[in-house]
$ cat work04.csv   # CSV, C-alpha atoms (C1' of nucleotides)
chain,number,residue,atom,x,y,z
S,1,MET,CA,29.6,-13.2,23.9
S,2,ARG,CA,31.4,-13.3,20.6
S,3,ILE,CA,28.8,-13.4,17.9
S,4,ILE,CA,28.5,-13.6,14.2
S,5,PHE,CA,25.1,-12.3,13.0
S,6,LEU,CA,23.5,-13.4,9.8
S,7,GLY,CA,20.4,-11.5,8.6
S,8,THR,CA,19.0,-9.7,5.7
S,9,PRO,CA,15.6,-7.9,5.8
S,10,LYS,CA,14.0,-5.5,8.1
S,11,PHE,CA,12.8,-8.2,10.4
S,12,ALA,CA,16.4,-8.9,11.6
S,13,VAL,CA,17.3,-5.3,12.4
S,14,PRO,CA,15.8,-5.1,16.0
S,15,SER,CA,17.7,-8.3,16.9
S,16,LEU,CA,21.0,-6.9,15.7
S,17,GLU,CA,20.4,-3.7,17.5
S,18,ALA,CA,19.6,-5.6,20.7
S,19,LEU,CA,22.9,-7.5,20.5
S,20,VAL,CA,24.8,-4.2,20.3
S,21,LYS,CA,22.8,-2.7,23.1
S,22,GLU,CA,23.4,-5.8,25.3
S,23,LYS,CA,27.1,-5.2,24.7
S,24,HIS,CA,27.8,-8.5,23.0
S,25,GLU,CA,30.9,-8.5,20.8
S,26,THR,CA,29.6,-8.5,17.3
S,27,LEU,CA,32.5,-10.0,15.3
S,28,LEU,CA,30.9,-9.8,11.9
S,29,VAL,CA,27.5,-9.2,10.3
S,30,ILE,CA,26.6,-11.0,7.1
S,31,SER,CA,23.7,-10.3,4.6
S,32,GLN,CA,22.6,-11.6,1.3
S,33,PRO,CA,24.0,-9.5,-1.5
S,34,ASP,CA,22.0,-6.3,-2.3
S,35,ARG,CA,19.2,-7.2,-4.7
S,36,GLU,CA,16.5,-4.7,-4.3
S,37,THR,CA,16.5,-1.7,-6.6
S,38,ASP,CA,14.7,1.6,-6.6
S,39,ARG,CA,12.8,2.8,-9.7
S,40,LYS,CA,16.0,4.1,-11.3
S,41,GLY,CA,17.6,0.6,-11.0
S,42,ASN,CA,20.0,1.6,-8.3
S,43,LEU,CA,20.8,-1.2,-5.8
S,44,LEU,CA,19.6,-0.6,-2.3
S,45,PRO,CA,21.5,-1.9,0.7
S,46,THR,CA,19.7,-4.6,2.7
S,47,PRO,CA,18.1,-3.2,5.9
S,48,VAL,CA,20.7,-5.1,8.0
S,49,LYS,CA,23.5,-3.7,6.0
S,50,GLU,CA,22.1,-0.2,6.4
S,51,CYS,CA,22.0,-0.8,10.2
S,52,THR,CA,25.6,-1.9,10.3
S,53,THR,CA,26.7,1.3,8.6
S,54,LYS,CA,24.8,3.3,11.2
S,55,LEU,CA,26.2,1.2,14.1
S,56,ASN,CA,29.7,1.0,12.6
S,57,LEU,CA,29.9,-2.8,12.7
S,58,PRO,CA,32.1,-5.1,10.5
S,59,PHE,CA,30.0,-6.2,7.6
S,60,LEU,CA,30.1,-8.6,4.7
S,61,SER,CA,27.8,-9.4,1.7
S,62,CYS,CA,27.9,-13.0,0.8
S,63,ASP,CA,25.9,-15.1,-1.6
S,64,ASN,CA,26.9,-18.4,-0.1
S,65,VAL,CA,28.3,-18.5,3.5
S,66,ASN,CA,29.1,-22.2,3.2
S,67,GLN,CA,32.1,-21.2,1.1
S,68,ILE,CA,33.7,-19.0,3.8
S,69,THR,CA,33.4,-21.3,6.8
S,70,GLU,CA,37.1,-21.4,7.4
S,71,GLU,CA,37.3,-17.6,7.6
S,72,LEU,CA,34.4,-17.6,10.0
S,73,LYS,CA,35.9,-20.3,12.2
S,74,ALA,CA,39.0,-18.2,12.5
S,75,LEU,CA,37.0,-15.4,14.2
S,76,LYS,CA,36.4,-17.9,17.0
S,77,PRO,CA,32.7,-17.0,17.7
S,78,ASP,CA,30.9,-18.4,20.7
S,79,VAL,CA,27.6,-18.5,18.8
S,80,LEU,CA,26.2,-17.7,15.4
S,81,ILE,CA,22.8,-16.2,15.1
S,82,THR,CA,20.6,-16.2,12.0
S,83,VAL,CA,17.5,-14.1,11.6
S,84,ALA,CA,15.7,-14.3,8.3
S,85,PHE,CA,19.0,-14.8,6.6
S,86,GLY,CA,17.8,-16.6,3.5
S,87,GLN,CA,20.5,-19.1,2.7
S,88,MET,CA,20.7,-22.9,3.3
S,89,LEU,CA,23.4,-23.8,5.8
S,90,GLY,CA,25.5,-26.9,5.3
S,91,ASP,CA,27.2,-29.2,7.8
S,92,ASP,CA,30.5,-27.4,7.6
S,93,PHE,CA,28.9,-24.1,8.5
S,94,LEU,CA,26.9,-25.6,11.4
S,95,SER,CA,30.1,-27.0,12.9
S,96,ILE,CA,31.7,-23.6,13.3
S,97,ALA,CA,29.9,-23.0,16.6
S,98,PRO,CA,26.4,-23.4,18.1
S,99,THR,CA,24.0,-21.7,15.7
S,100,LEU,CA,20.7,-20.2,16.7
S,101,ASN,CA,17.8,-19.0,14.6
S,102,VAL,CA,15.0,-16.6,15.4
S,103,HIS,CA,11.8,-17.7,13.8
S,104,ALA,CA,8.5,-15.9,13.7
S,105,SER,CA,6.1,-18.6,14.7
S,106,LEU,CA,5.4,-21.0,17.5
S,107,LEU,CA,7.3,-24.0,16.1
S,108,PRO,CA,6.6,-26.7,15.0
S,109,LEU,CA,3.8,-24.7,13.4
S,110,TYR,CA,4.6,-22.7,10.3
S,111,ARG,CA,8.1,-23.7,9.4
S,112,GLY,CA,9.4,-22.0,6.3
S,113,ALA,CA,9.3,-18.7,4.6
S,114,SER,CA,6.0,-17.0,5.5
S,115,PRO,CA,5.0,-17.9,9.1
S,116,ILE,CA,3.6,-14.4,9.8
S,117,GLN,CA,1.2,-14.5,6.8
S,118,ALA,CA,0.2,-18.1,7.6
S,119,SER,CA,-0.9,-17.3,11.1
S,120,ILE,CA,-3.1,-14.4,10.0
S,121,LEU,CA,-4.5,-16.4,7.0
S,122,VAL,CA,-5.6,-19.3,9.3
S,123,GLY,CA,-7.1,-16.9,11.8
S,124,ASP,CA,-5.0,-17.9,14.8
S,125,LYS,CA,-5.5,-16.0,18.0
S,126,LYS,CA,-1.9,-16.2,19.0
S,127,THR,CA,1.5,-16.5,17.3
S,128,GLY,CA,5.0,-15.9,18.6
S,129,ILE,CA,8.7,-16.2,18.4
S,130,THR,CA,10.8,-19.4,18.6
S,131,ILE,CA,14.5,-19.4,19.2
S,132,MET,CA,15.8,-22.7,18.2
S,133,GLN,CA,19.0,-24.5,17.1
S,134,THR,CA,19.7,-24.2,13.5
S,135,VAL,CA,20.0,-27.6,11.8
S,136,LYS,CA,20.1,-28.7,8.2
S,137,LYS,CA,16.5,-29.5,8.0
S,138,MET,CA,14.6,-26.2,7.7
S,139,ASP,CA,13.4,-24.8,11.0
S,140,ALA,CA,13.4,-28.2,12.6
S,141,GLY,CA,16.0,-27.7,15.4
S,142,ASP,CA,15.5,-28.1,19.2
S,143,ILE,CA,13.6,-25.3,20.8
S,144,LEU,CA,15.4,-23.1,23.4
S,145,LEU,CA,12.7,-20.5,24.1
S,146,GLN,CA,9.3,-19.4,22.9
S,147,ARG,CA,7.4,-16.3,23.6
S,148,ASP,CA,3.8,-15.7,22.3
S,149,ILE,CA,1.8,-12.7,21.3
S,150,ASP,CA,-1.9,-12.1,20.6
S,151,ILE,CA,-3.0,-11.6,17.0
S,152,LYS,CA,-5.6,-8.8,16.9
S,153,THR,CA,-8.4,-8.8,14.4
S,154,THR,CA,-6.9,-5.6,13.1
S,155,ASP,CA,-3.4,-6.9,12.7
S,156,THR,CA,-2.0,-6.9,9.1
S,157,TYR,CA,1.2,-8.6,8.0
S,158,GLU,CA,3.0,-5.3,8.5
S,159,THR,CA,1.8,-4.6,12.0
S,160,LEU,CA,2.4,-8.2,13.2
S,161,HIS,CA,5.8,-8.3,11.5
S,162,ASP,CA,6.9,-5.2,13.4
S,163,LYS,CA,5.6,-6.5,16.7
S,164,LEU,CA,7.3,-9.9,16.2
S,165,SER,CA,10.6,-8.5,15.1
S,166,VAL,CA,10.7,-6.6,18.4
S,167,LEU,CA,9.6,-9.6,20.4
S,168,GLY,CA,12.2,-11.6,18.5
S,169,ALA,CA,15.0,-9.3,19.6
S,170,ARG,CA,13.8,-9.5,23.2
S,171,THR,CA,13.5,-13.2,23.2
S,172,LEU,CA,16.9,-13.5,21.7
S,173,THR,CA,18.6,-11.5,24.3
S,174,GLU,CA,16.9,-13.6,27.0
S,175,VAL,CA,18.3,-16.8,25.4
S,176,LEU,CA,21.8,-15.4,25.2
S,177,LYS,CA,21.6,-14.4,28.8
S,178,GLN,CA,20.6,-17.9,29.8
S,179,LEU,CA,23.2,-19.4,27.5
S,180,LYS,CA,25.9,-17.4,29.2
S,181,GLU,CA,24.8,-18.6,32.6
S,182,GLY,CA,24.7,-22.1,31.2
S,183,ASN,CA,21.2,-23.0,32.3
S,184,ILE,CA,19.3,-23.6,29.2
S,185,LYS,CA,17.1,-26.5,28.2
S,186,GLN,CA,16.6,-27.8,24.7
S,187,ILE,CA,13.3,-29.3,23.7
S,188,PRO,CA,12.9,-31.3,20.5
S,189,GLN,CA,10.1,-30.3,18.2
S,190,ASP,CA,7.1,-32.6,17.8
S,191,GLU,CA,7.5,-33.6,14.2
S,192,ILE,CA,4.0,-34.9,13.9
S,193,LYS,CA,2.6,-31.4,14.5
S,194,ALA,CA,4.9,-29.6,12.1
S,195,THR,CA,3.3,-27.5,9.3
S,196,TYR,CA,5.0,-25.8,6.5
S,197,THR,CA,4.6,-22.4,4.7
S,198,LYS,CA,5.7,-21.5,1.2
S,199,LYS,CA,7.3,-18.3,0.0
S,200,ILE,CA,4.7,-15.8,-0.9
S,201,ILE,CA,4.5,-14.9,-4.6
S,202,LYS,CA,2.6,-12.2,-6.3
S,203,THR,CA,-0.3,-14.4,-7.4
S,204,SER,CA,-0.9,-15.5,-3.8
S,205,GLY,CA,-2.9,-12.3,-3.6
S,206,SER,CA,-5.5,-13.3,-6.2
S,207,ILE,CA,-8.9,-13.4,-4.5
S,208,ASP,CA,-11.2,-16.4,-4.9
S,209,TRP,CA,-14.7,-15.0,-4.3
S,210,SER,CA,-16.1,-18.4,-3.6
S,211,LYS,CA,-14.4,-18.3,-0.3
S,212,SER,CA,-16.1,-16.9,2.7
S,213,ALA,CA,-16.0,-13.1,3.5
S,214,GLU,CA,-14.1,-13.9,6.6
S,215,ASP,CA,-11.4,-15.9,4.8
S,216,ILE,CA,-11.0,-13.1,2.2
S,217,GLU,CA,-10.8,-10.5,4.9
S,218,ARG,CA,-7.9,-12.4,6.5
S,219,GLN,CA,-6.2,-12.8,3.1
S,220,ILE,CA,-6.4,-9.0,2.7
S,221,ARG,CA,-4.7,-8.5,6.1
S,222,ALA,CA,-2.1,-11.2,5.6
S,223,TYR,CA,-1.0,-9.8,2.3
S,224,ASN,CA,-1.0,-6.1,3.3
S,225,PRO,CA,1.1,-4.4,2.1
S,226,TRP,CA,2.7,-7.0,-0.1
S,227,PRO,CA,1.7,-8.5,-2.4
S,228,SER,CA,-1.7,-7.3,-1.5
S,229,ALA,CA,-5.0,-9.1,-2.2
S,230,TYR,CA,-6.4,-8.2,-5.6
S,231,SER,CA,-9.1,-8.9,-8.1
S,232,THR,CA,-9.9,-8.0,-11.6
S,233,TYR,CA,-12.7,-5.5,-12.1
S,234,ALA,CA,-14.7,-7.1,-14.9
S,235,GLN,CA,-16.0,-3.8,-16.4
S,236,THR,CA,-12.6,-2.4,-17.3
S,237,GLY,CA,-10.2,-5.4,-16.8
S,238,GLU,CA,-8.2,-3.4,-14.3
S,239,ILE,CA,-6.6,-5.1,-11.3
S,240,ILE,CA,-7.9,-3.5,-8.1
S,241,LYS,CA,-6.0,-4.1,-4.9
S,242,PHE,CA,-7.7,-4.3,-1.5
S,243,TYR,CA,-6.1,-3.1,1.7
S,244,SER,CA,-8.8,-3.4,4.3
S,245,ALA,CA,-12.2,-4.8,4.6
S,246,ILE,CA,-15.0,-5.9,7.0
S,247,ALA,CA,-16.7,-9.3,6.8
S,248,HIS,CA,-20.5,-9.0,7.4
S,249,LYS,CA,-23.0,-11.8,8.0
S,250,THR,CA,-25.5,-11.8,5.2
S,251,HIS,CA,-28.5,-11.8,7.5
S,252,THR,CA,-27.4,-8.7,9.4
S,253,LEU,CA,-26.8,-6.8,6.2
S,254,SER,CA,-29.8,-7.9,4.2
S,255,ASP,CA,-31.9,-5.2,6.0
S,256,ILE,CA,-29.4,-2.5,5.0
S,257,LEU,CA,-29.1,-3.7,1.4
S,258,GLN,CA,-32.7,-4.6,0.9
S,259,GLY,CA,-34.0,-2.9,-2.2
S,260,LEU,CA,-30.6,-1.7,-3.2
S,261,SER,CA,-29.4,-4.9,-4.7
S,262,ASP,CA,-29.8,-8.6,-5.2
S,263,ILE,CA,-28.1,-10.5,-2.4
S,264,THR,CA,-28.6,-13.8,-4.2
S,265,ALA,CA,-26.2,-12.7,-7.0
S,266,SER,CA,-23.1,-14.7,-8.0
S,267,ASN,CA,-19.8,-14.6,-6.1
S,268,GLY,CA,-17.8,-11.5,-6.8
S,269,THR,CA,-20.8,-9.4,-7.7
S,270,ILE,CA,-20.8,-5.8,-6.5
S,271,LEU,CA,-23.9,-5.6,-4.4
S,272,HIS,CA,-23.7,-2.0,-3.6
S,273,SER,CA,-21.4,0.9,-4.3
S,274,SER,CA,-21.7,4.4,-3.1
S,275,PRO,CA,-19.5,7.0,-1.4
S,276,GLN,CA,-22.1,7.3,1.4
S,277,ASN,CA,-22.5,3.6,2.2
S,278,GLY,CA,-19.4,2.0,0.8
S,279,LEU,CA,-18.6,-1.0,-1.4
S,280,PHE,CA,-20.1,-4.4,-0.7
S,281,ILE,CA,-19.2,-7.6,-2.6
S,282,LYS,CA,-20.9,-11.0,-2.5
S,283,CYS,CA,-18.7,-13.9,-1.4
S,284,GLY,CA,-19.2,-17.6,-1.2
S,285,LEU,CA,-20.4,-17.1,2.3
S,286,ASP,CA,-21.5,-13.7,3.6
S,287,ILE,CA,-20.7,-10.3,2.3
S,288,LEU,CA,-17.4,-8.4,2.3
S,289,GLN,CA,-17.3,-4.6,2.7
S,290,ILE,CA,-14.2,-3.1,1.2
S,291,THR,CA,-12.9,-0.1,3.2
S,292,SER,CA,-9.7,0.8,1.4
S,293,LEU,CA,-8.5,-0.1,-2.1
S,294,GLN,CA,-6.2,1.0,-4.9
S,295,ALA,CA,-6.7,1.3,-8.7
S,296,PRO,CA,-3.6,0.8,-11.0
S,297,SER,CA,-1.1,3.7,-10.7
S,298,LYS,CA,-3.2,5.3,-8.1
S,299,LYS,CA,-2.9,5.9,-4.4
S,300,ILE,CA,-4.5,3.7,-1.7
S,301,LEU,CA,-7.8,5.3,-0.9
S,302,PRO,CA,-10.6,4.8,1.6
S,303,SER,CA,-13.6,3.4,-0.3
S,304,SER,CA,-15.6,6.6,0.4
S,305,GLU,CA,-13.0,8.7,-1.6
S,306,PHE,CA,-12.4,6.0,-4.2
S,307,LEU,CA,-16.1,5.9,-5.0
S,308,LEU,CA,-16.4,9.7,-5.4
S,309,GLY,CA,-14.5,9.7,-8.7
S,310,ARG,CA,-15.8,6.4,-10.1
S,311,ASN,CA,-18.8,4.2,-9.6
S,312,LEU,CA,-18.2,0.5,-9.5
S,313,ILE,CA,-20.8,-1.7,-11.1
S,314,GLY,CA,-20.9,-5.3,-12.3
S,315,LYS,CA,-18.5,-7.7,-10.6
S,316,PHE,CA,-15.0,-8.8,-9.7
S,317,GLU,CA,-13.5,-12.0,-11.2
E,1,C,C1',19.3,6.4,-18.6
E,2,G,C1',15.3,-1.3,-16.5
E,3,C,C1',9.7,-1.2,-18.2
E,4,G,C1',4.9,1.2,-17.5
E,5,G,C1',1.2,4.7,-15.3
E,6,A,C1',-0.1,9.4,-13.0
E,7,G,C1',0.0,14.9,-11.3
E,8,U,C1',-6.6,19.6,-13.0
E,9,A,C1',-10.7,23.4,-6.6
E,10,G,C1',-9.6,20.9,0.5
E,11,A,C1',-10.4,15.4,-1.3
E,12,G,C1',-11.6,11.9,-5.4
E,13,C,C1',-12.3,12.3,-10.7
E,14,A,C1',-14.1,14.4,-16.0
E,15,A,C1',-12.9,17.5,-20.1
E,16,U,C1',-14.4,14.2,-27.6
E,17,C,C1',-10.4,17.0,-33.3
E,18,G,C1',-6.1,22.0,-29.9
E,19,G,C1',-11.4,26.2,-29.1
E,20,U,C1',-16.0,29.0,-22.6
E,21,A,C1',-11.9,24.1,-17.3
E,22,G,C1',-16.7,20.7,-15.3
E,23,C,C1',-18.8,16.5,-11.9
E,24,U,C1',-19.1,14.1,-7.1
E,25,U,C1',-17.9,15.2,-2.2
E,26,G,C1',-16.3,18.6,1.4
E,27,U,C1',-16.5,23.9,3.3
E,28,U,C1',-19.5,28.5,4.1
E,29,G,C1',-24.4,30.9,4.2
E,30,G,C1',-29.7,30.4,3.7
E,31,G,C1',-34.3,27.3,3.5
E,32,C,C1',-37.2,22.9,4.7
E,33,U,C1',-38.4,18.5,7.9
E,34,C,C1',-40.7,14.7,13.7
E,35,A,C1',-36.3,13.0,11.7
E,36,U,C1',-31.2,11.3,9.0
E,37,A,C1',-24.3,10.4,6.1
E,38,A,C1',-32.0,13.2,4.1
E,39,C,C1',-33.8,17.1,0.7
E,40,C,C1',-33.9,22.3,-1.8
E,41,C,C1',-31.3,27.1,-3.0
E,42,A,C1',-26.9,30.0,-3.1
E,43,A,C1',-21.7,31.2,-2.5
E,44,A,C1',-16.6,30.6,-2.0
E,45,G,C1',-12.7,27.7,-3.7
E,46,G,C1',-8.0,26.9,-10.2
E,47,U,C1',-1.3,30.5,-12.6
E,48,U,C1',-4.3,22.5,-14.8
E,49,G,C1',3.2,19.8,-10.7
E,50,U,C1',7.3,23.0,-12.8
E,51,A,C1',10.5,25.6,-16.8
E,52,G,C1',10.5,26.3,-21.8
E,53,G,C1',8.7,25.4,-27.0
E,54,U,C1',4.9,25.1,-31.2
E,55,U,C1',0.2,27.9,-32.1
E,56,C,C1',-4.4,33.1,-33.5
E,57,G,C1',-5.4,29.9,-29.3
E,58,A,C1',-2.5,24.5,-25.0
E,59,G,C1',-5.3,20.8,-19.3
E,60,U,C1',-4.8,18.7,-24.4
E,61,C,C1',1.0,18.6,-28.9
E,62,C,C1',6.9,18.7,-28.2
E,63,U,C1',11.4,19.0,-24.8
E,64,G,C1',13.8,19.3,-20.0
E,65,C,C1',13.1,18.9,-14.7
E,66,C,C1',10.3,17.6,-9.9
E,67,U,C1',7.0,14.5,-7.2
E,68,C,C1',3.9,10.1,-6.6
E,69,C,C1',2.3,5.0,-8.0
E,70,G,C1',2.6,-0.1,-10.4
E,71,C,C1',6.1,-4.1,-12.2
E,72,A,C1',10.8,-6.2,-10.7
E,73,A,C1',11.0,-9.4,-4.0

$ encode --input "work04.csv" --output "structure tokens"
Amino acid sequence: MRIIFLGTPKFAVPSLEALVKEKHETLLVISQPDRETDRKGNLLPTPVKECTTKLNLPFLSCDNVNQITEELKALKPDVLITVAFGQMLGDDFLSIAPTLNVHASLLPLYRGASPIQASILVGDKKTGITIMQTVKKMDAGDILLQRDIDIKTTDTYETLHDKLSVLGARTLTEVLKQLKEGNIKQIPQDEIKATYTKKIIKTSGSIDWSKSAEDIERQIRAYNPWPSAYSTYAQTGEIIKFYSAIAHKTHTLSDILQGLSDITASNGTILHSSPQNGLFIKCGLDILQITSLQAPSKKILPSSEFLLGRNLIGKFE
RNA sequence: CGCGGAGUAGAGCAAUCGGUAGCUUGUUGGGCUCAUAACCCAAAGGUUGUAGGUUCGAGUCCUGCCUCCGCAA
């Protein structure tokens, strides 16, 4: 099929590669303009742009595709595909040809910018990919196909993102195949069940120690590696980032910690800290054991190594 | 030249005014114990990222370069 592909970040790359592999005719690939910079301030190409250079595909950077609808129409595409593109699409654009979107959740759940993080935060057992029609209302179009995937208790944003981006590519090729054969059903979304997710910002990572250890552990996984869950170490005022942790029931740990610390302390208190046993922090419910963390300007370290060089006392706020 | 931090033993960190480079852990050897991620003794392990400069003397001060990290999503 004749396809115009719109995508920007890493998530979209496997889908684009799949189109090429399935020998669809990729008329044009469009990304947001390059925005990320390295430490020296040089602009970095978007992952999709980088991929097109490698695959030798026609490419265009564009900060508003609604202004080039005529040019796109002239290419006579059969279908337009958006994967994490990042621009609002207007009526003119959507009238060019059927437009499909690859979304990383089981819609109508988690519409919006951070579906992967949302599914981990909530503690869902499953999430998945939805291929749907792109309409003006965000992520609200009719569903063409869904495929689900288990969320493991060890999955972080990064691992789940990578799995879903591959699943997204596979699901997309399936839909295109069905579309070509002309036997595809469209199922409207149940608006009542729709939920929405916001764009993640830096401060989303701030830890509220009055939450349960389980909730905080999921927050750590959902925001690993970015923006990462963090908290202020009261003793020095430094922001410490947390990358992995284990939630323990208070009653199963009280034996281990007995005599070492006061498990009735306030939320955020460091109950125990030693290279041998690890780092334990009091939460609103139960106890969180931090297993890897990072001090400012330092590397991410397992807690055993982190605690060799410095002893943590007091509390996090 | 976007702003900031860092580089010291295998690993993680100290080193006050510029004056003997230490600590924890790991490794190796020995000892002890019913027993441990236990305890005791000993040893090995460093061109302090790199190239220069200042100095009687530089981990420390100055300049260039390399590498890593945070901010900027």

$ residues_around --input "work04.csv" --residues "stretch 23-38 of chain E" --least-positions-apart "2" --cutoff "12 Å" --atoms "all atoms listed in the file" --output "short mmCIF file (atom, residue, chain, number, x, y, z; two decimals) with C-alpha atoms (C1' of nucleotides), in the coordinates of the input"
data_model
loop_
_atom_site.label_atom_id
_atom_site.label_comp_id
_atom_site.auth_asym_id
_atom_site.auth_seq_id
_atom_site.Cartn_x
_atom_site.Cartn_y
_atom_site.Cartn_z
CA SER S 274 -21.70 4.40 -3.10
CA PRO S 275 -19.50 7.00 -1.40
CA GLN S 276 -22.10 7.30 1.40
CA ASN S 277 -22.50 3.60 2.20
CA GLY S 278 -19.40 2.00 0.80
CA SER S 304 -15.60 6.60 0.40
CA GLU S 305 -13.00 8.70 -1.60
CA PHE S 306 -12.40 6.00 -4.20
CA LEU S 307 -16.10 5.90 -5.00
CA LEU S 308 -16.40 9.70 -5.40
CA GLY S 309 -14.50 9.70 -8.70
CA ARG S 310 -15.80 6.40 -10.10
CA ASN S 311 -18.80 4.20 -9.60
"C1'" A E 9 -10.70 23.40 -6.60
"C1'" G E 10 -9.60 20.90 0.50
"C1'" A E 11 -10.40 15.40 -1.30
"C1'" G E 12 -11.60 11.90 -5.40
"C1'" C E 13 -12.30 12.30 -10.70
"C1'" A E 14 -14.10 14.40 -16.00
"C1'" A E 15 -12.90 17.50 -20.10
"C1'" A E 21 -11.90 24.10 -17.30
"C1'" C E 40 -33.90 22.30 -1.80
"C1'" C E 41 -31.30 27.10 -3.00
"C1'" A E 42 -26.90 30.00 -3.10
"C1'" A E 43 -21.70 31.20 -2.50
"C1'" A E 44 -16.60 30.60 -2.00
"C1'" G E 45 -12.70 27.70 -3.70
#

$ residues_near_point --input "work04.csv" --point "(-7.4, -15.0, -7.1)" --cutoff "9 Å" --atoms "all atoms listed in the file" --output "PyMOL selection string"
chain S and resi 203-209+229-232+317

$ atom_distance --input "work04.csv" --atom1 "atom CA of S:Ser266" --atom2 "atom CA of S:Thr236"
18.7 Å

$ residues_around --input "work04.csv" --residues "S:Pro77" --least-positions-apart "4" --cutoff "10 Å" --atoms "all atoms listed in the file" --output "ChimeraX atom specification"
/S:1-4,25-28,72-73,96-98

$ closest_residue --input "work04.csv" --among "S:Gln289, S:Thr197, S:Gln186, S:Thr269" --to "S:Ala213" --atoms "only C-alpha atoms"
S:Gln289

$ residues_around --input "work04.csv" --residues "stretch 53-63 of chain E" --least-positions-apart "5" --cutoff "12 Å" --atoms "all atoms listed in the file" --output "ChimeraX atom specification"
/E:7-8,14-19,21,46,48

$ atom_distance --input "work04.csv" --atom1 "atom CA of S:Leu6" --atom2 "atom CA of S:Val83"
6.3 Å

$ residues_around --input "work04.csv" --residues "S:Arg147" --least-positions-apart "4" --cutoff "9 Å" --atoms "all atoms listed in the file" --output "MDAnalysis selection string"
chainID S and resid 106 127:131 167:168 171

$ closest_residue --input "work04.csv" --among "S:Leu94, S:Gln133, S:Leu285, S:Thr37" --to "chain E" --atoms "all atoms listed in the file"
S:Thr37

$ atom_distance --input "work04.csv" --atom1 "atom CA of S:Leu75" --atom2 "atom CA of S:Ser31"
17.2 Å

$ closest_residue --input "work04.csv" --among "S:Ala245, S:Met88, S:Arg39, S:Val20" --to "E:C68" --atoms "all atoms listed in the file"
S:Arg39

$ closest_residue --input "work04.csv" --among "S:Leu19, S:Ala74, S:Leu145, S:Ile287" --to "S:His103" --atoms "only C-alpha atoms"
S:Leu145
